[in-house]
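S.K.: First the structure, which I've put down as structure tokens, then a few questions once you've had a look.
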Amino acid sequence: MKLLSVVGARPNFMKIAPVARVLARYPEQFDHVLVHTGQHYDANMSQVFFDELDLPRPAINLEVGSGSHAQQTAQIMQRFEPIVLQHRPDWILVPGDVNSTVACSLVAAKLGVKIAHVEAGLRSFDRAMPEEINRVVTDHLSDVLFTSEPSGAVNLAREGIDPARIHFVGNTMIDTLVHLLPKAASRWETLQRQHQIDRYVLVTLHRPANVDDDARLRALMALLQRLAATIQVVFPVHPRTRARLNQVGSDRAAHPAPLLLEPLSYLDFTALESHAALVLTDSGGVQEETTWLGVPCVTVRANTERPVTVDEGTNVLFSGAIDALEPVIHAQLARPRGEHRVPAYWDGRAAERIVAVLQQLAHAGR
């Protein structure tokens, strides 16, 4: 079976790395080619992940760079089509919900190449999120759908997708976390000493709903400054968020102030995440990681496409005015550790289940 796997943005790397490792065990069964679209191209958002994740160097880099959603999607499609025509894969494997995911799925579908979607069926039910559109389109183009939590199959069945195409395999993001947590743990003492941190809130914010609204972004930064008076605040700043902070001119000279860092490598971020008293985020993957780690999490969003992190995990959603967020944070900080369950199949073996399905398909000549 000839497979093309597509990665493009930071979350994709963590989702495909464990699958690539398992596929490499069966060179006689799989010819696996990794394609990087270049959607994330900054060294801190791309190169460092290949260095740390035991992910092979991509055979092909489309180098699309940044642009509007339409421009980026179009560029990926234009550059990916010749690759598919050249390699003639049996399947393409697309993880997640970024522009690279949907763009390469569209190309494959129109060329008659079968599509397997890793992390299928997630729904926020919010079409204002570009990722939601990407998820829905990719799922309805896909021939095989690998779900990471029970809600995935429920959502897909509701949309009329044949249950025979759906496989509940678990979460490959958690595979990567399980695999690399010992390495991440070895970074902790150096990070603790370097940044002089002890008990702290870890922050990640990048979604347009939070950082593109000037008033909301200022209110969030003011909240972090108030919070820093009672507990350390560590904020690795996404490039997009940093650009917005520069535009709104937030008062970063205030004291006490959050510790603003450059984007962190996977291992460094995981080390900080696993030792945090609480994580404040709007990231989907961080909701999953904190649930597995048992770290309290507050997600600054009205919805989540990962409801298992709320139903079984450590995550709570917040969608109100930022002035009302502080009590929610303090309530989560007071939450006893251990009040959660690790979701089913979040056991570090999701990639093995994915490859087992691919082996069955290959054996059946599909």
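How things are named: the first chain in the structure tokens is A, the next is B, and so on; residues count from 1 in each chain; ligands count from 1 in the order shown.
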Would you kindly return, as a short mmCIF file (atom, residue, chain, number, x, y, z; two decimals) with N, CA and C atoms, in the first residue's frame, each protein, DNA or RNA residue with an atom no farther than 8 Å from any atom of region 130-135 of chain A, considering only C-alpha atoms and excluding same-chain residues fewer than 3 positions away?
M.R.:
```cif
data_model
loop_
_atom_site.label_atom_id
_atom_site.label_comp_id
_atom_site.auth_asym_id
_atom_site.auth_seq_id
_atom_site.Cartn_x
_atom_site.Cartn_y
_atom_site.Cartn_z
N GLY A 96 -6.33 15.92 11.49
CA GLY A 96 -6.75 17.21 12.03
C GLY A 96 -7.73 17.99 11.19
N ASP A 97 -7.60 19.33 11.27
CA ASP A 97 -8.66 20.20 10.74
C ASP A 97 -8.12 21.51 10.16
N VAL A 98 -6.85 21.54 9.77
CA VAL A 98 -6.28 22.78 9.27
C VAL A 98 -6.49 22.89 7.76
N ASN A 99 -6.08 24.00 7.18
CA ASN A 99 -6.28 24.20 5.75
C ASN A 99 -5.60 23.12 4.91
N THR A 101 -5.35 20.04 5.64
CA THR A 101 -6.19 18.85 5.71
C THR A 101 -7.26 18.87 4.63
N VAL A 102 -8.01 19.97 4.57
CA VAL A 102 -9.12 20.02 3.62
C VAL A 102 -8.62 20.19 2.18
N ALA A 120 -11.29 12.21 13.02
CA ALA A 120 -12.54 12.51 12.33
C ALA A 120 -13.68 12.70 13.33
N GLY A 121 -14.74 13.37 12.85
CA GLY A 121 -15.99 13.45 13.59
C GLY A 121 -16.08 14.49 14.68
N LEU A 122 -15.01 15.21 14.96
CA LEU A 122 -15.08 16.25 15.98
C LEU A 122 -15.92 17.41 15.47
N ARG A 123 -16.78 17.95 16.32
CA ARG A 123 -17.65 19.05 15.93
C ARG A 123 -17.81 20.06 17.08
N SER A 124 -17.58 21.32 16.76
CA SER A 124 -17.90 22.39 17.71
C SER A 124 -19.29 22.95 17.46
N PHE A 125 -19.85 22.65 16.27
CA PHE A 125 -21.15 23.18 15.82
C PHE A 125 -21.11 24.70 15.70
N ASP A 126 -19.95 25.22 15.39
CA ASP A 126 -19.75 26.66 15.24
C ASP A 126 -19.09 26.90 13.88
N ARG A 127 -19.89 27.26 12.89
CA ARG A 127 -19.36 27.44 11.54
C ARG A 127 -18.57 28.74 11.40
N THR A 138 -13.79 17.59 5.10
CA THR A 138 -12.86 16.45 5.05
C THR A 138 -13.56 15.15 5.39
N ASP A 139 -14.39 15.15 6.42
CA ASP A 139 -15.08 13.93 6.80
C ASP A 139 -15.98 13.41 5.68
#
```
S.K.: Please report, as a ChimeraX atom specification, each residue of region 153-360 of chain A to which DSSP assigns strand (DSSP E) when run on this structure's backbone.
M.R.: /A:166-168,200-204,232-236,259-261,278-281,297-299,315-317
S.K.: Quick one: residues within 10 Å of Glu63 (chain A), only C-alpha atoms, excluding same-chain residues fewer than 4 positions away - as an NGL selection string?
M.R.: :A and (8 or 36-41 or 75-76 or 79)
S.K.: Can you tell me, as a PyMOL selection string, which residues in region 175-318 of chain A count as helix (DSSP H, G or I) by DSSP?
M.R.: chain A and resi 175-185+188-195+208-211+214-227+239-248+266-275+284-293+308-311
S.K.: Write out as a PyMOL selection string each polymer residue whose atoms come within 12 Å of Asn12 (chain A), counting only C-alpha atoms; drop sequence neighbours fewer than 4 positions from it.
M.R.: chain A and resi 5-8+16-20+34-40+45-46+49-50+53+55+93-101+117-119+172-173+176+285
S.K.: May I have the selected residues written with N, CA and C atoms, as a compact mmCIF listing (two decimals), in the first residue's frame?
M.R.:
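Once everything was written out, this is part20.txt:
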```
# COMPACT_ATOMS: atom_id res chain seq x y z
N SER A 5 1.12 10.82 3.57
CA SER A 5 0.63 11.50 4.76
C SER A 5 0.90 12.99 4.63
N VAL A 6 -0.07 13.78 5.04
CA VAL A 6 0.03 15.23 4.89
C VAL A 6 0.13 15.89 6.25
N VAL A 7 1.14 16.73 6.44
CA VAL A 7 1.22 17.60 7.61
C VAL A 7 1.36 19.03 7.11
N GLY A 8 0.96 19.97 7.96
CA GLY A 8 1.07 21.35 7.52
C GLY A 8 1.26 22.32 8.66
N ILE A 16 0.54 12.89 13.44
CA ILE A 16 1.00 11.93 12.44
C ILE A 16 2.28 11.22 12.86
N ALA A 17 3.06 11.81 13.78
CA ALA A 17 4.35 11.20 14.16
C ALA A 17 4.19 9.77 14.66
N PRO A 18 3.25 9.46 15.54
CA PRO A 18 3.15 8.07 15.99
C PRO A 18 2.72 7.11 14.89
N VAL A 19 1.89 7.59 13.96
CA VAL A 19 1.47 6.74 12.84
C VAL A 19 2.69 6.42 11.96
N ALA A 20 3.52 7.44 11.71
CA ALA A 20 4.72 7.23 10.90
C ALA A 20 5.65 6.21 11.55
N LEU A 34 5.94 11.20 3.36
CA LEU A 34 5.45 12.30 4.17
C LEU A 34 5.56 13.61 3.40
N VAL A 35 4.45 14.33 3.32
CA VAL A 35 4.39 15.60 2.60
C VAL A 35 4.10 16.72 3.61
N HIS A 36 4.95 17.75 3.61
CA HIS A 36 4.75 18.94 4.45
C HIS A 36 4.29 20.06 3.53
N THR A 37 3.12 20.62 3.82
CA THR A 37 2.63 21.70 2.95
C THR A 37 3.34 23.02 3.19
N GLY A 38 3.97 23.17 4.38
CA GLY A 38 4.61 24.43 4.71
C GLY A 38 3.65 25.47 5.22
N GLN A 39 2.45 25.04 5.64
CA GLN A 39 1.48 26.00 6.20
C GLN A 39 2.07 26.70 7.41
N HIS A 40 2.71 25.94 8.30
CA HIS A 40 3.55 26.52 9.35
C HIS A 40 5.00 26.34 8.90
N MET A 45 7.67 26.95 14.91
CA MET A 45 6.35 26.34 14.73
C MET A 45 6.41 25.10 13.84
N SER A 46 7.58 24.81 13.26
CA SER A 46 7.66 23.70 12.32
C SER A 46 8.93 22.87 12.52
N PHE A 49 9.73 20.70 15.55
CA PHE A 49 8.91 19.52 15.81
C PHE A 49 9.45 18.29 15.11
N PHE A 50 10.02 18.46 13.92
CA PHE A 50 10.65 17.33 13.27
C PHE A 50 11.87 16.88 14.08
N LEU A 53 10.10 15.09 17.57
CA LEU A 53 9.00 14.14 17.60
C LEU A 53 9.34 12.77 17.03
N LEU A 55 9.94 12.27 14.10
CA LEU A 55 9.19 12.30 12.85
C LEU A 55 10.19 12.40 11.70
N LEU A 93 -3.39 10.10 3.87
CA LEU A 93 -3.71 10.13 5.29
C LEU A 93 -3.63 11.58 5.74
N VAL A 94 -4.77 12.12 6.18
CA VAL A 94 -4.81 13.54 6.57
C VAL A 94 -5.25 13.66 8.03
N PRO A 95 -4.45 14.30 8.87
CA PRO A 95 -4.84 14.48 10.26
C PRO A 95 -5.45 15.86 10.51
N GLY A 96 -6.33 15.92 11.49
CA GLY A 96 -6.75 17.21 12.03
C GLY A 96 -7.73 17.99 11.19
N ASP A 97 -7.60 19.33 11.27
CA ASP A 97 -8.66 20.20 10.74
C ASP A 97 -8.12 21.51 10.16
N VAL A 98 -6.85 21.54 9.77
CA VAL A 98 -6.28 22.78 9.27
C VAL A 98 -6.49 22.89 7.76
N ASN A 99 -6.08 24.00 7.18
CA ASN A 99 -6.28 24.20 5.75
C ASN A 99 -5.60 23.12 4.91
N SER A 100 -4.45 22.65 5.36
CA SER A 100 -3.76 21.58 4.64
C SER A 100 -4.62 20.33 4.57
N THR A 101 -5.35 20.04 5.64
CA THR A 101 -6.19 18.85 5.71
C THR A 101 -7.26 18.87 4.63
N HIS A 117 -9.03 9.90 7.27
CA HIS A 117 -8.97 11.10 8.11
C HIS A 117 -8.70 10.70 9.56
N VAL A 118 -7.59 11.16 10.08
CA VAL A 118 -7.22 10.94 11.48
C VAL A 118 -7.79 12.08 12.32
N GLU A 119 -8.58 11.73 13.35
CA GLU A 119 -9.27 12.68 14.21
C GLU A 119 -10.56 13.15 13.55
N THR A 172 -4.16 10.06 18.64
CA THR A 172 -2.72 10.00 18.34
C THR A 172 -1.95 11.14 19.00
N MET A 173 -2.63 12.25 19.34
CA MET A 173 -1.95 13.30 20.12
C MET A 173 -1.47 12.73 21.46
N THR A 176 1.67 10.61 21.14
CA THR A 176 2.89 11.42 21.17
C THR A 176 3.23 11.85 22.58
N GLY A 285 -5.92 20.89 21.17
CA GLY A 285 -5.00 19.87 21.61
C GLY A 285 -4.62 20.00 23.07
```
S.K.: Could you list, as a PyMOL selection string, every residue within 10 Å of Lys110 (chain A), counting only C-alpha atoms and ignoring same-chain residues fewer than 4 positions away?
M.R.: chain A and resi 81+105-106+114+141
S.K.: Filtering to C-alpha atoms, could you give me those residues as a PDB file, in the first residue's frame?
M.R.:
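Final file, out-v4.pdb:
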```pdb
ATOM      1  CA  GLU A  81      -2.013  17.919  -7.234  1.00  0.00           C
ATOM      2  CA  SER A 105      -8.507  15.982   0.705  1.00  0.00           C
ATOM      3  CA  LEU A 106     -10.173  17.959  -2.094  1.00  0.00           C
ATOM      4  CA  LYS A 114      -8.912   7.249  -1.214  1.00  0.00           C
ATOM      5  CA  LEU A 141     -14.795  13.333   1.410  1.00  0.00           C
TER       6      LEU A 141
END
```
S.K.: Would you kindly return, as a ChimeraX atom specification, each protein, DNA or RNA residue with an atom no farther than 7 Å from any atom of Ile329 (chain A), considering only C-alpha atoms and excluding same-chain residues fewer than 4 positions away?
M.R.: /A:298,325,333
S.K.: Got a sec: who's within 10 Å of region 353-358 of chain A, counting only C-alpha atoms, leaving out chain neighbours fewer than 2 positions off, as number ranges by chain?
M.R.: A: 1, 3, 19-20, 22-23, 26, 29-30, 91, 116, 118, 144-147, 167-170, 172, 345, 349-351, 360-364, 366
S.K.: For the residues selected in the previous step, produce a file with N, CA and C atoms as a PDB file, in the first residue's frame.
M.R.:
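Output (part.pdb):
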```pdb
ATOM      1  N   MET A   1       0.849  -1.188   0.000  1.00  0.00           N
ATOM      2  CA  MET A   1       0.000   0.000   0.000  1.00  0.00           C
ATOM      3  C   MET A   1       0.887   1.241   0.000  1.00  0.00           C
ATOM      4  N   LEU A   3       1.157   5.110   0.647  1.00  0.00           N
ATOM      5  CA  LEU A   3       0.475   6.135   1.445  1.00  0.00           C
ATOM      6  C   LEU A   3       1.195   7.461   1.320  1.00  0.00           C
ATOM      7  N   VAL A  19       1.885   7.590  13.962  1.00  0.00           N
ATOM      8  CA  VAL A  19       1.472   6.739  12.841  1.00  0.00           C
ATOM      9  C   VAL A  19       2.687   6.420  11.962  1.00  0.00           C
ATOM     10  N   ALA A  20       3.517   7.437  11.709  1.00  0.00           N
ATOM     11  CA  ALA A  20       4.717   7.230  10.896  1.00  0.00           C
ATOM     12  C   ALA A  20       5.646   6.212  11.552  1.00  0.00           C
ATOM     13  N   VAL A  22       4.822   3.709  13.539  1.00  0.00           N
ATOM     14  CA  VAL A  22       4.283   2.347  13.421  1.00  0.00           C
ATOM     15  C   VAL A  22       4.368   1.856  11.980  1.00  0.00           C
ATOM     16  N   LEU A  23       4.071   2.712  11.012  1.00  0.00           N
ATOM     17  CA  LEU A  23       4.184   2.314   9.606  1.00  0.00           C
ATOM     18  C   LEU A  23       5.603   1.862   9.272  1.00  0.00           C
ATOM     19  N   TYR A  26       6.738  -1.797   9.186  1.00  0.00           N
ATOM     20  CA  TYR A  26       6.250  -2.714   8.162  1.00  0.00           C
ATOM     21  C   TYR A  26       6.654  -2.238   6.767  1.00  0.00           C
ATOM     22  N   GLN A  29       5.084  -3.820   3.776  1.00  0.00           N
ATOM     23  CA  GLN A  29       3.643  -3.646   3.555  1.00  0.00           C
ATOM     24  C   GLN A  29       3.271  -2.236   3.118  1.00  0.00           C
ATOM     25  N   PHE A  30       4.075  -1.250   3.535  1.00  0.00           N
ATOM     26  CA  PHE A  30       3.709   0.144   3.290  1.00  0.00           C
ATOM     27  C   PHE A  30       4.872   0.920   2.679  1.00  0.00           C
ATOM     28  N   TRP A  91      -3.694   5.610  -0.970  1.00  0.00           N
ATOM     29  CA  TRP A  91      -4.430   6.381   0.037  1.00  0.00           C
ATOM     30  C   TRP A  91      -3.639   7.642   0.369  1.00  0.00           C
ATOM     31  N   ALA A 116      -8.051   8.775   4.182  1.00  0.00           N
ATOM     32  CA  ALA A 116      -8.250   8.360   5.566  1.00  0.00           C
ATOM     33  C   ALA A 116      -8.030   9.582   6.455  1.00  0.00           C
ATOM     34  N   VAL A 118      -7.587  11.159  10.085  1.00  0.00           N
ATOM     35  CA  VAL A 118      -7.220  10.936  11.484  1.00  0.00           C
ATOM     36  C   VAL A 118      -7.792  12.075  12.316  1.00  0.00           C
ATOM     37  N   VAL A 144     -12.294   6.433   4.906  1.00  0.00           N
ATOM     38  CA  VAL A 144     -12.141   5.838   6.233  1.00  0.00           C
ATOM     39  C   VAL A 144     -11.971   6.959   7.230  1.00  0.00           C
ATOM     40  N   LEU A 145     -12.667   6.840   8.360  1.00  0.00           N
ATOM     41  CA  LEU A 145     -12.668   7.911   9.353  1.00  0.00           C
ATOM     42  C   LEU A 145     -12.233   7.342  10.693  1.00  0.00           C
ATOM     43  N   PHE A 146     -11.106   7.821  11.192  1.00  0.00           N
ATOM     44  CA  PHE A 146     -10.554   7.377  12.465  1.00  0.00           C
ATOM     45  C   PHE A 146     -10.940   8.386  13.544  1.00  0.00           C
ATOM     46  N   THR A 147     -11.762   7.954  14.505  1.00  0.00           N
ATOM     47  CA  THR A 147     -12.233   8.870  15.544  1.00  0.00           C
ATOM     48  C   THR A 147     -11.410   8.730  16.812  1.00  0.00           C
ATOM     49  N   HIS A 167     -13.942   4.114  12.421  1.00  0.00           N
ATOM     50  CA  HIS A 167     -13.151   3.270  13.315  1.00  0.00           C
ATOM     51  C   HIS A 167     -12.727   4.102  14.534  1.00  0.00           C
ATOM     52  N   PHE A 168     -13.175   3.683  15.703  1.00  0.00           N
ATOM     53  CA  PHE A 168     -12.780   4.349  16.949  1.00  0.00           C
ATOM     54  C   PHE A 168     -11.417   3.795  17.358  1.00  0.00           C
ATOM     55  N   VAL A 169     -10.384   4.624  17.223  1.00  0.00           N
ATOM     56  CA  VAL A 169      -9.011   4.163  17.459  1.00  0.00           C
ATOM     57  C   VAL A 169      -8.336   4.839  18.640  1.00  0.00           C
ATOM     58  N   GLY A 170      -8.875   5.977  19.097  1.00  0.00           N
ATOM     59  CA  GLY A 170      -8.208   6.741  20.146  1.00  0.00           C
ATOM     60  C   GLY A 170      -7.479   7.945  19.585  1.00  0.00           C
ATOM     61  N   THR A 172      -4.163  10.058  18.637  1.00  0.00           N
ATOM     62  CA  THR A 172      -2.724  10.000  18.342  1.00  0.00           C
ATOM     63  C   THR A 172      -1.949  11.139  19.004  1.00  0.00           C
ATOM     64  N   TYR A 345      -9.262   4.529  25.128  1.00  0.00           N
ATOM     65  CA  TYR A 345      -8.290   4.429  24.038  1.00  0.00           C
ATOM     66  C   TYR A 345      -7.302   5.592  24.007  1.00  0.00           C
ATOM     67  N   ARG A 349      -1.727   3.953  22.120  1.00  0.00           N
ATOM     68  CA  ARG A 349      -1.710   2.908  21.099  1.00  0.00           C
ATOM     69  C   ARG A 349      -2.682   3.184  19.953  1.00  0.00           C
ATOM     70  N   ALA A 350      -3.113   4.411  19.811  1.00  0.00           N
ATOM     71  CA  ALA A 350      -4.045   4.753  18.728  1.00  0.00           C
ATOM     72  C   ALA A 350      -3.422   4.499  17.363  1.00  0.00           C
ATOM     73  N   ALA A 351      -2.151   4.854  17.198  1.00  0.00           N
ATOM     74  CA  ALA A 351      -1.490   4.660  15.901  1.00  0.00           C
ATOM     75  C   ALA A 351      -1.433   3.183  15.528  1.00  0.00           C
ATOM     76  N   GLN A 360      -5.653  -4.266   7.223  1.00  0.00           N
ATOM     77  CA  GLN A 360      -6.851  -4.994   6.801  1.00  0.00           C
ATOM     78  C   GLN A 360      -7.298  -4.526   5.412  1.00  0.00           C
ATOM     79  N   LEU A 361      -7.234  -3.231   5.190  1.00  0.00           N
ATOM     80  CA  LEU A 361      -7.624  -2.690   3.884  1.00  0.00           C
ATOM     81  C   LEU A 361      -6.679  -3.185   2.795  1.00  0.00           C
ATOM     82  N   ALA A 362      -5.385  -3.198   3.102  1.00  0.00           N
ATOM     83  CA  ALA A 362      -4.413  -3.677   2.125  1.00  0.00           C
ATOM     84  C   ALA A 362      -4.636  -5.148   1.815  1.00  0.00           C
ATOM     85  N   HIS A 363      -4.922  -5.935   2.839  1.00  0.00           N
ATOM     86  CA  HIS A 363      -5.162  -7.363   2.658  1.00  0.00           C
ATOM     87  C   HIS A 363      -6.406  -7.597   1.798  1.00  0.00           C
ATOM     88  N   ALA A 364      -7.397  -6.721   1.982  1.00  0.00           N
ATOM     89  CA  ALA A 364      -8.625  -6.846   1.198  1.00  0.00           C
ATOM     90  C   ALA A 364      -8.485  -6.249  -0.204  1.00  0.00           C
ATOM     91  N   ARG A 366      -8.048  -3.079  -0.988  1.00  0.00           N
ATOM     92  CA  ARG A 366      -8.753  -1.795  -1.103  1.00  0.00           C
ATOM     93  C   ARG A 366      -7.772  -0.632  -1.070  1.00  0.00           C
TER      94      ARG A 366
END
```
